[in-house]
Amino acid sequence: MRRTLFILGMVLALSRPVAAEPELAAEVDFDRIDTKGHVTLTVTVSGSQEALRPVMPALTDFIVQATGSRQNMVVSGGTIENSTSYTYSLIPRRAGALVIPPITLHTSTGQISTQPIHITVTEARYEAPRNQTAQNRTARRGAPEPFFIEAEVSSDTVYLGEQVTYTFRYYRSAAVSETNNYTPPQTSGFISVDLPPQRKLTRIVDGETYRVVEVLTAMFPTRPGDLSIGPARLRVVPDLISNLLGRDPFSIFRGQGGRPLTEGEPKDLATEALRIHVRPLPSPPAGKSFSGAVGECSLASDLSSHSMSLGDPVTLTLTVSGKGRKDVVDAPVIRWPEGIETYPPTTNIQSTVRNDIVAETKVFSIALVARRQGRVVIPAPELTYFNPASRRYETARARELTLEVGPPRAGFAVATPTATISPASSTIRYLKPSPSEWEPGPQAPGTLFVVLQVAPPVFVVAGWIWRRQRETPQARLRGAREREIKTARRRVSAMSAADGLTAAREISTAFRQYLVARFALPPGELLDAEWQDSLATKGCEDHELREIRQVLEWADRARFGGGVDRTVTPEMVLNLMQRLDKCAA
Amino acid sequence: MRRLSLLLWLALAAPALATEEPDRLFTEASGHYDAGRFVEASRLYDSLLRAGYKQPQVYFNLGNAQFRAGSLGQAIWAYRSAFNLAPRDVDIEANLTVARLACRDKIEVAPPGLVKQVWRTASSVLSVAEGTLLVTWLWWSLWAVVAIAVFLPSVRSWTLPVIRLLALAWLVSASTLTVRYLAERNTQSGVVIAVETQARSAPAPDEDVAFTGHAGMECLVRGQRGDYLLVELANGRVGWIPATDLKLVES
């Protein structure tokens, strides 16, 4: 403090007063409010060394309450500028375009005036809450607090499905740097609908002027009994720069806890939980079918066309509108005349908010097809709803409608007239007969299923292996013989008659090899008697035996006699081999 | 000897008795239906299902009885279950369409793409049971022809193309069945059977309401926690609803 006074003294010593003409300014914080609102008028006199006080005009449209004055001193460029601000709280007496007339300041040289200020005042948009329940003003202890919040409901006792309006208000008389941590209340047993936008108001509480932000929510109880609305929470961070006056000006340099130096200690505000008693709806009157609507309702009906051809469709539109939620409303009751076929309705819902009351419109579109010609009268539709205001069931009625049904259009097939078709029951197809076989339902794939899938490949592979193992010795022998025969044939075909003795020797060896392999004869030297008997038993003809003998003798002559004649050629031997193949087969 | 005769009689008569009882219940239920006693009819059809006779005719008739009794959610559930077992039954499809028209919740969904549409149509021509039978039949046929090719090499000229054709058919049908089976195992369909239910943002009664559904609303079940089921609507909205408000469709 001592250091502050020292700095202030130095500033004053180095400065010199400025002699200038006084100036007058007037401003309001809002130029548009409602009848429950309030504006703050600030009149500032600056540039005067004297204590001049502005003269306020007669403000007949307002209740005026002076809320104080404040002197400001600004040191700038070695000069001191003084100003004095007078603040007034103005509460409008009526709605309309109100005017604050010029404010006058008498000076030594004359007088100066401000311009008139225009303020638009509207009627308060929300209804006065019934049985209003004032709730917690958190952190209010004795002296006025710069910030507090409160929550209230429009009524603490409502009927099931009736709207209760929850109002959250945030009051502040000092600047804040951050208020974005609003936590709405936890609700159980309600369907909530936001009622935007937020409203900004000015209110005087215990002589202190507060700027108020108001958030409204419509809540519709979905079950009877005592329901609760949890606390709403808000974190507020004061702005030290804006709140500097009246505080230690150097405290802003002492930032704490890592916060910016301009921010103060955050404040966590919370309202108390609220309790709502929800009454169950009374029993509907006998003979009336309750539609499910709670709140005033109106019902309108219309047809897309009042004349139609037989068999053509026409759309009947039933519009249910009024306060409260209408999405739960059932279609109005109509006693359909004979000769009208109806189809299940399609619905469309629109919501609006009027004076903080949720109002919904539900439109039922029902397709109709006339099955007889002539005038058809659709009786007035009815809708029974519960009106919480009168605490009884009421019935809304739409007008009766008339439909002229003409003859069918050319080429249009018309079904035989049918009785009235109820959309909910008669259009389904009839029962099915008893199943021919009663069996348990489909089972999950079990062991049998897996066995069925695995069995075929296992059987096939097992059979192939068994067959292969069983046939191996015979197949191996047969394969060896086939290879011998192929080799012999290749050796013979590789020779020509011109090769002489070499050819004779090669053909002799190859032909013997062929005979052993083809006829499964014992290996080694073949004796005439041996191979002749053997070949005869295997089906060779005599001429074939002679040719075989001829070839073998020719070969022996060539091998042992040293001379080669041309009586046997490789082609002849190959031809003989082919015939012997057939013989062996 | 007398005991042996009794055992023999029981063995022969048991299948007949097993058929008589469901037939009697079915006929009795249909009689209740014709007389306008839809609740009694529903009870008897339901007892058949609980006894294990999960046949499309029983589901269909149960759907009719529930529909006429005013239980729209139960009716749509029964029709859906019947349709899963007999996907080509036009009566089931017709009644399911009518029941859906009566449902209060109209959920707008963008039409699926061509590929998705073709896949849905192809995979839903047969029920899972029918698809399993087809795959099994193709599998046995394939191996029968393979056996012929192995043991009768002389007829390999015609067996090889048949083997290729059967192998391709088996591969396509088995893949389709497997994908469908896995899809149905991971996501079950459900139908809201309560008159009105509130889907919440978390599985607790005091959480915010995400959306409100009514009897007959169809959804996919994505999970369960405690007494709540996580459901997804056709338009992608998700929420937790009490398990007692929903009935899972039989597949």
# chains A, B, ... in the order shown; residues from 1 in each chain; ligands from 1

$ residues_around --residues "Val28 in chain A" --least-positions-apart "4" --cutoff "7 Å" --atoms "only C-alpha atoms" --output "ChimeraX atom specification"
/A:39-42

$ residues_around --residues "Glu21 in chain B" --least-positions-apart "6" --cutoff "12 Å" --atoms "only C-alpha atoms" --output "PyMOL selection string"
(chain A and resi 434+438) or (chain B and resi 14-15+27-28+44+47-48+51+53)

$ closest_residue --among "A:Glu404, A:Glu341, A:Glu484, A:Asp330" --to "chain B" --atoms "only C-alpha atoms"
A:Asp330

$ closest_atom_pairs --of "chain B" --to "chain A" --cutoff "9 Å" --atoms "only C-alpha atoms" --output "JSON lines"
{"residue": "B:Ala18", "atom": "CA", "partner": "A:Trp438", "partner_atom": "CA", "distance": 8.2}
{"residue": "B:Thr19", "atom": "CA", "partner": "A:Trp438", "partner_atom": "CA", "distance": 6.1}
{"residue": "B:Pro22", "atom": "CA", "partner": "A:Trp438", "partner_atom": "CA", "distance": 7.3}
{"residue": "B:Asp23", "atom": "CA", "partner": "A:Ser434", "partner_atom": "CA", "distance": 6.7}
{"residue": "B:Phe26", "atom": "CA", "partner": "A:Ser434", "partner_atom": "CA", "distance": 6.6}
{"residue": "B:Thr27", "atom": "CA", "partner": "A:Ser434", "partner_atom": "CA", "distance": 7.4}
{"residue": "B:Ser30", "atom": "CA", "partner": "A:Leu431", "partner_atom": "CA", "distance": 7.5}
{"residue": "B:Tyr33", "atom": "CA", "partner": "A:Leu431", "partner_atom": "CA", "distance": 8.7}
{"residue": "B:Leu49", "atom": "CA", "partner": "A:Gly441", "partner_atom": "CA", "distance": 8.8}
{"residue": "B:Ala51", "atom": "CA", "partner": "A:Pro440", "partner_atom": "CA", "distance": 8.3}
{"residue": "B:Gly52", "atom": "CA", "partner": "A:Pro440", "partner_atom": "CA", "distance": 5.2}
{"residue": "B:Tyr53", "atom": "CA", "partner": "A:Pro440", "partner_atom": "CA", "distance": 4.8}
{"residue": "B:Lys54", "atom": "CA", "partner": "A:Gly441", "partner_atom": "CA", "distance": 4.5}
{"residue": "B:Gln55", "atom": "CA", "partner": "A:Gly441", "partner_atom": "CA", "distance": 6.2}
{"residue": "B:Pro56", "atom": "CA", "partner": "A:Pro435", "partner_atom": "CA", "distance": 8.8}
{"residue": "B:Gln57", "atom": "CA", "partner": "A:Lys432", "partner_atom": "CA", "distance": 5.8}
{"residue": "B:Val58", "atom": "CA", "partner": "A:Ser434", "partner_atom": "CA", "distance": 8.1}
{"residue": "B:Phe60", "atom": "CA", "partner": "A:Lys432", "partner_atom": "CA", "distance": 7.3}
{"residue": "B:Asn61", "atom": "CA", "partner": "A:Leu431", "partner_atom": "CA", "distance": 5.3}
{"residue": "B:Leu62", "atom": "CA", "partner": "A:Leu431", "partner_atom": "CA", "distance": 8.9}
{"residue": "B:Asn64", "atom": "CA", "partner": "A:Leu431", "partner_atom": "CA", "distance": 7.1}
{"residue": "B:Ala65", "atom": "CA", "partner": "A:Leu431", "partner_atom": "CA", "distance": 8.9}
{"residue": "B:Phe67", "atom": "CA", "partner": "A:Ser425", "partner_atom": "CA", "distance": 6.9}
{"residue": "B:Arg68", "atom": "CA", "partner": "A:Ser425", "partner_atom": "CA", "distance": 5.4}
{"residue": "B:Ala69", "atom": "CA", "partner": "A:Ser425", "partner_atom": "CA", "distance": 8.8}
{"residue": "B:Gly70", "atom": "CA", "partner": "A:Ala424", "partner_atom": "CA", "distance": 8.0}
{"residue": "B:Leu85", "atom": "CA", "partner": "A:Pro442", "partner_atom": "CA", "distance": 8.9}
{"residue": "B:Asp91", "atom": "CA", "partner": "A:Arg429", "partner_atom": "CA", "distance": 6.4}
{"residue": "B:Ile92", "atom": "CA", "partner": "A:Arg429", "partner_atom": "CA", "distance": 8.3}
{"residue": "B:Ala94", "atom": "CA", "partner": "A:Ile428", "partner_atom": "CA", "distance": 7.3}
{"residue": "B:Asn95", "atom": "CA", "partner": "A:Ile428", "partner_atom": "CA", "distance": 5.1}
{"residue": "B:Leu96", "atom": "CA", "partner": "A:Ile428", "partner_atom": "CA", "distance": 8.5}
{"residue": "B:Val98", "atom": "CA", "partner": "A:Ile428", "partner_atom": "CA", "distance": 6.6}
{"residue": "B:Ala99", "atom": "CA", "partner": "A:Ala424", "partner_atom": "CA", "distance": 8.0}
{"residue": "B:Leu101", "atom": "CA", "partner": "A:Pro344", "partner_atom": "CA", "distance": 6.2}
{"residue": "B:Ala102", "atom": "CA", "partner": "A:Pro344", "partner_atom": "CA", "distance": 5.6}
{"residue": "B:Cys103", "atom": "CA", "partner": "A:Pro344", "partner_atom": "CA", "distance": 8.8}
{"residue": "B:Arg104", "atom": "CA", "partner": "A:Thr347", "partner_atom": "CA", "distance": 7.9}
{"residue": "B:Lys106", "atom": "CA", "partner": "A:Thr346", "partner_atom": "CA", "distance": 8.2}
{"residue": "B:Val128", "atom": "CA", "partner": "A:Pro442", "partner_atom": "CA", "distance": 8.9}
{"residue": "B:Ala129", "atom": "CA", "partner": "A:Pro442", "partner_atom": "CA", "distance": 6.6}
{"residue": "B:Thr136", "atom": "CA", "partner": "A:Gln453", "partner_atom": "CA", "distance": 6.8}
{"residue": "B:Trp139", "atom": "CA", "partner": "A:Gln453", "partner_atom": "CA", "distance": 7.3}
{"residue": "B:Trp140", "atom": "CA", "partner": "A:Pro456", "partner_atom": "CA", "distance": 6.3}
{"residue": "B:Leu142", "atom": "CA", "partner": "A:Pro456", "partner_atom": "CA", "distance": 8.9}
{"residue": "B:Trp143", "atom": "CA", "partner": "A:Pro456", "partner_atom": "CA", "distance": 5.8}
{"residue": "B:Ala144", "atom": "CA", "partner": "A:Pro456", "partner_atom": "CA", "distance": 7.5}
{"residue": "B:Val146", "atom": "CA", "partner": "A:Val460", "partner_atom": "CA", "distance": 7.5}
{"residue": "B:Ala147", "atom": "CA", "partner": "A:Val460", "partner_atom": "CA", "distance": 5.6}
{"residue": "B:Val150", "atom": "CA", "partner": "A:Trp464", "partner_atom": "CA", "distance": 6.8}
{"residue": "B:Phe151", "atom": "CA", "partner": "A:Trp464", "partner_atom": "CA", "distance": 7.4}
{"residue": "B:Pro205", "atom": "CA", "partner": "A:Ser188", "partner_atom": "CA", "distance": 7.1}
{"residue": "B:Asp206", "atom": "CA", "partner": "A:Ser188", "partner_atom": "CA", "distance": 4.5}
{"residue": "B:Glu207", "atom": "CA", "partner": "A:Ser188", "partner_atom": "CA", "distance": 7.2}
{"residue": "B:Asp208", "atom": "CA", "partner": "A:Thr187", "partner_atom": "CA", "distance": 7.7}
{"residue": "B:Val209", "atom": "CA", "partner": "A:Ile191", "partner_atom": "CA", "distance": 7.1}

$ closest_residue --among "A:Lys288, A:Arg566, A:Arg233, A:Arg481" --to "Thr384 in chain A" --atoms "only C-alpha atoms"
A:Lys288

$ residues_around --residues "Leu160 in chain B" --least-positions-apart "4" --cutoff "8 Å" --atoms "only C-alpha atoms" --output "list of chain:residue names"
B:Ala149, B:Arg156, B:Arg164

$ atom_distance --atom1 "CA of Pro570 in chain A" --atom2 "CA of Leu501 in chain A"
12.6 Å

$ atom_distance --atom1 "CA of Ala243 in chain B" --atom2 "CA of Tyr228 in chain B"
5.0 Å

$ residues_around --residues "range 296-302 of chain A" --least-positions-apart "5" --cutoff "8 Å" --atoms "only C-alpha atoms" --output "VMD selection string"
chain A and resid 316 to 324 381 to 383 385 to 387 396 to 399 401

$ closest_residue --among "B:Leu152, B:Val90, B:Leu177, B:Val195" --to "Thr244 in chain B" --atoms "only C-alpha atoms"
B:Val195

$ residues_around --residues "Ser173 in chain B" --least-positions-apart "4" --cutoff "8 Å" --atoms "only C-alpha atoms" --output "ChimeraX atom specification"
/B:131,134-135,169,177

$ select_by_dssp --residues "range 116-246 of chain B" --states "alpha helix (DSSP H)" --output "NGL selection string"
:B and (116-123 or 128-151 or 156-186)

$ residues_around --residues "range 534-541 of chain A" --least-positions-apart "4" --cutoff "8 Å" --atoms "only C-alpha atoms" --output "VMD selection string"
chain A and resid 519 521 530 545 580 583 to 584

$ select_by_dssp --residues "range 14-246 of chain B" --states "strand (DSSP E)" --output "short mmCIF file (atom, residue, chain, number, x, y, z; two decimals) with N, CA and C atoms, in the first residue's frame"
data_model
loop_
_atom_site.label_atom_id
_atom_site.label_comp_id
_atom_site.auth_asym_id
_atom_site.auth_seq_id
_atom_site.Cartn_x
_atom_site.Cartn_y
_atom_site.Cartn_z
N GLN B 188 -27.07 -59.81 -34.10
CA GLN B 188 -28.40 -60.38 -34.04
C GLN B 188 -29.42 -59.28 -34.26
N SER B 189 -30.51 -59.66 -34.87
CA SER B 189 -31.60 -58.70 -35.06
C SER B 189 -32.56 -58.80 -33.89
N GLY B 190 -33.18 -57.68 -33.59
CA GLY B 190 -34.16 -57.67 -32.50
C GLY B 190 -35.35 -56.81 -32.86
N VAL B 191 -36.43 -57.03 -32.15
CA VAL B 191 -37.66 -56.25 -32.36
C VAL B 191 -38.14 -55.75 -31.00
N VAL B 192 -38.50 -54.47 -30.96
CA VAL B 192 -39.01 -53.90 -29.71
C VAL B 192 -40.40 -54.48 -29.46
N GLU B 196 -43.56 -48.79 -25.64
CA GLU B 196 -42.62 -47.68 -25.89
C GLU B 196 -41.35 -47.95 -25.10
N THR B 197 -40.25 -47.68 -25.69
CA THR B 197 -38.98 -47.84 -24.98
C THR B 197 -38.09 -46.66 -25.27
N GLN B 198 -37.27 -46.33 -24.29
CA GLN B 198 -36.37 -45.20 -24.48
C GLN B 198 -34.94 -45.71 -24.56
N ALA B 199 -34.30 -45.39 -25.67
CA ALA B 199 -32.90 -45.76 -25.85
C ALA B 199 -32.05 -44.66 -25.23
N ARG B 200 -31.16 -45.06 -24.35
CA ARG B 200 -30.37 -44.07 -23.63
C ARG B 200 -28.92 -44.08 -24.11
N VAL B 209 -31.81 -39.56 -22.85
CA VAL B 209 -32.56 -40.35 -23.84
C VAL B 209 -32.02 -40.04 -25.23
N ALA B 210 -31.54 -41.08 -25.93
CA ALA B 210 -31.01 -40.88 -27.28
C ALA B 210 -32.16 -40.85 -28.30
N PHE B 211 -33.11 -41.76 -28.15
CA PHE B 211 -34.30 -41.75 -29.00
C PHE B 211 -35.35 -42.64 -28.36
N THR B 212 -36.56 -42.47 -28.82
CA THR B 212 -37.67 -43.27 -28.29
C THR B 212 -38.18 -44.19 -29.39
N GLY B 213 -38.33 -45.46 -29.04
CA GLY B 213 -38.84 -46.43 -30.00
C GLY B 213 -40.16 -46.99 -29.53
N HIS B 214 -40.88 -47.58 -30.48
CA HIS B 214 -42.18 -48.15 -30.14
C HIS B 214 -42.26 -49.59 -30.60
N GLU B 218 -37.53 -52.31 -35.50
CA GLU B 218 -36.51 -53.34 -35.70
C GLU B 218 -35.12 -52.73 -35.62
N CYS B 219 -34.20 -53.50 -35.07
CA CYS B 219 -32.85 -52.97 -34.90
C CYS B 219 -31.86 -54.11 -34.87
N LEU B 220 -30.59 -53.75 -34.90
CA LEU B 220 -29.52 -54.73 -34.74
C LEU B 220 -29.00 -54.63 -33.33
N VAL B 221 -28.65 -55.76 -32.74
CA VAL B 221 -28.12 -55.75 -31.37
C VAL B 221 -26.61 -55.86 -31.46
N ARG B 222 -25.93 -54.85 -30.95
CA ARG B 222 -24.47 -54.78 -31.07
C ARG B 222 -23.75 -55.24 -29.82
N GLY B 223 -24.45 -55.35 -28.72
CA GLY B 223 -23.76 -55.77 -27.50
C GLY B 223 -24.70 -55.73 -26.32
N GLN B 224 -24.19 -56.16 -25.19
CA GLN B 224 -25.01 -56.18 -23.98
C GLN B 224 -24.14 -55.83 -22.78
N ARG B 225 -24.73 -55.05 -21.87
CA ARG B 225 -24.07 -54.79 -20.59
C ARG B 225 -25.16 -54.79 -19.53
N TYR B 228 -29.04 -54.16 -20.11
CA TYR B 228 -29.26 -53.28 -21.28
C TYR B 228 -28.61 -53.86 -22.52
N LEU B 229 -29.26 -53.61 -23.66
CA LEU B 229 -28.72 -54.04 -24.96
C LEU B 229 -28.37 -52.80 -25.77
N LEU B 230 -27.22 -52.85 -26.42
CA LEU B 230 -26.82 -51.75 -27.31
C LEU B 230 -27.42 -52.05 -28.67
N VAL B 231 -28.31 -51.16 -29.13
CA VAL B 231 -28.99 -51.42 -30.41
C VAL B 231 -28.62 -50.35 -31.42
N GLU B 232 -28.71 -50.72 -32.69
CA GLU B 232 -28.43 -49.79 -33.78
C GLU B 232 -29.60 -49.83 -34.76
N VAL B 238 -27.71 -45.13 -32.45
CA VAL B 238 -27.47 -46.19 -31.48
C VAL B 238 -27.94 -45.74 -30.10
N GLY B 239 -28.23 -46.71 -29.27
CA GLY B 239 -28.68 -46.39 -27.91
C GLY B 239 -28.83 -47.68 -27.11
N TRP B 240 -28.92 -47.52 -25.80
CA TRP B 240 -29.05 -48.69 -24.90
C TRP B 240 -30.51 -48.78 -24.46
N ILE B 241 -31.10 -49.94 -24.67
CA ILE B 241 -32.48 -50.11 -24.22
C ILE B 241 -32.55 -51.31 -23.28
N PRO B 242 -33.53 -51.30 -22.36
CA PRO B 242 -33.65 -52.44 -21.44
C PRO B 242 -33.85 -53.74 -22.22
N LEU B 246 -36.90 -55.81 -25.62
CA LEU B 246 -36.50 -56.27 -26.96
C LEU B 246 -36.53 -57.79 -27.01
#

$ residues_around --residues "Leu576 in chain A" --least-positions-apart "3" --cutoff "8 Å" --atoms "only C-alpha atoms" --output "PyMOL selection string"
chain A and resi 544+547-548+572-573+579-580
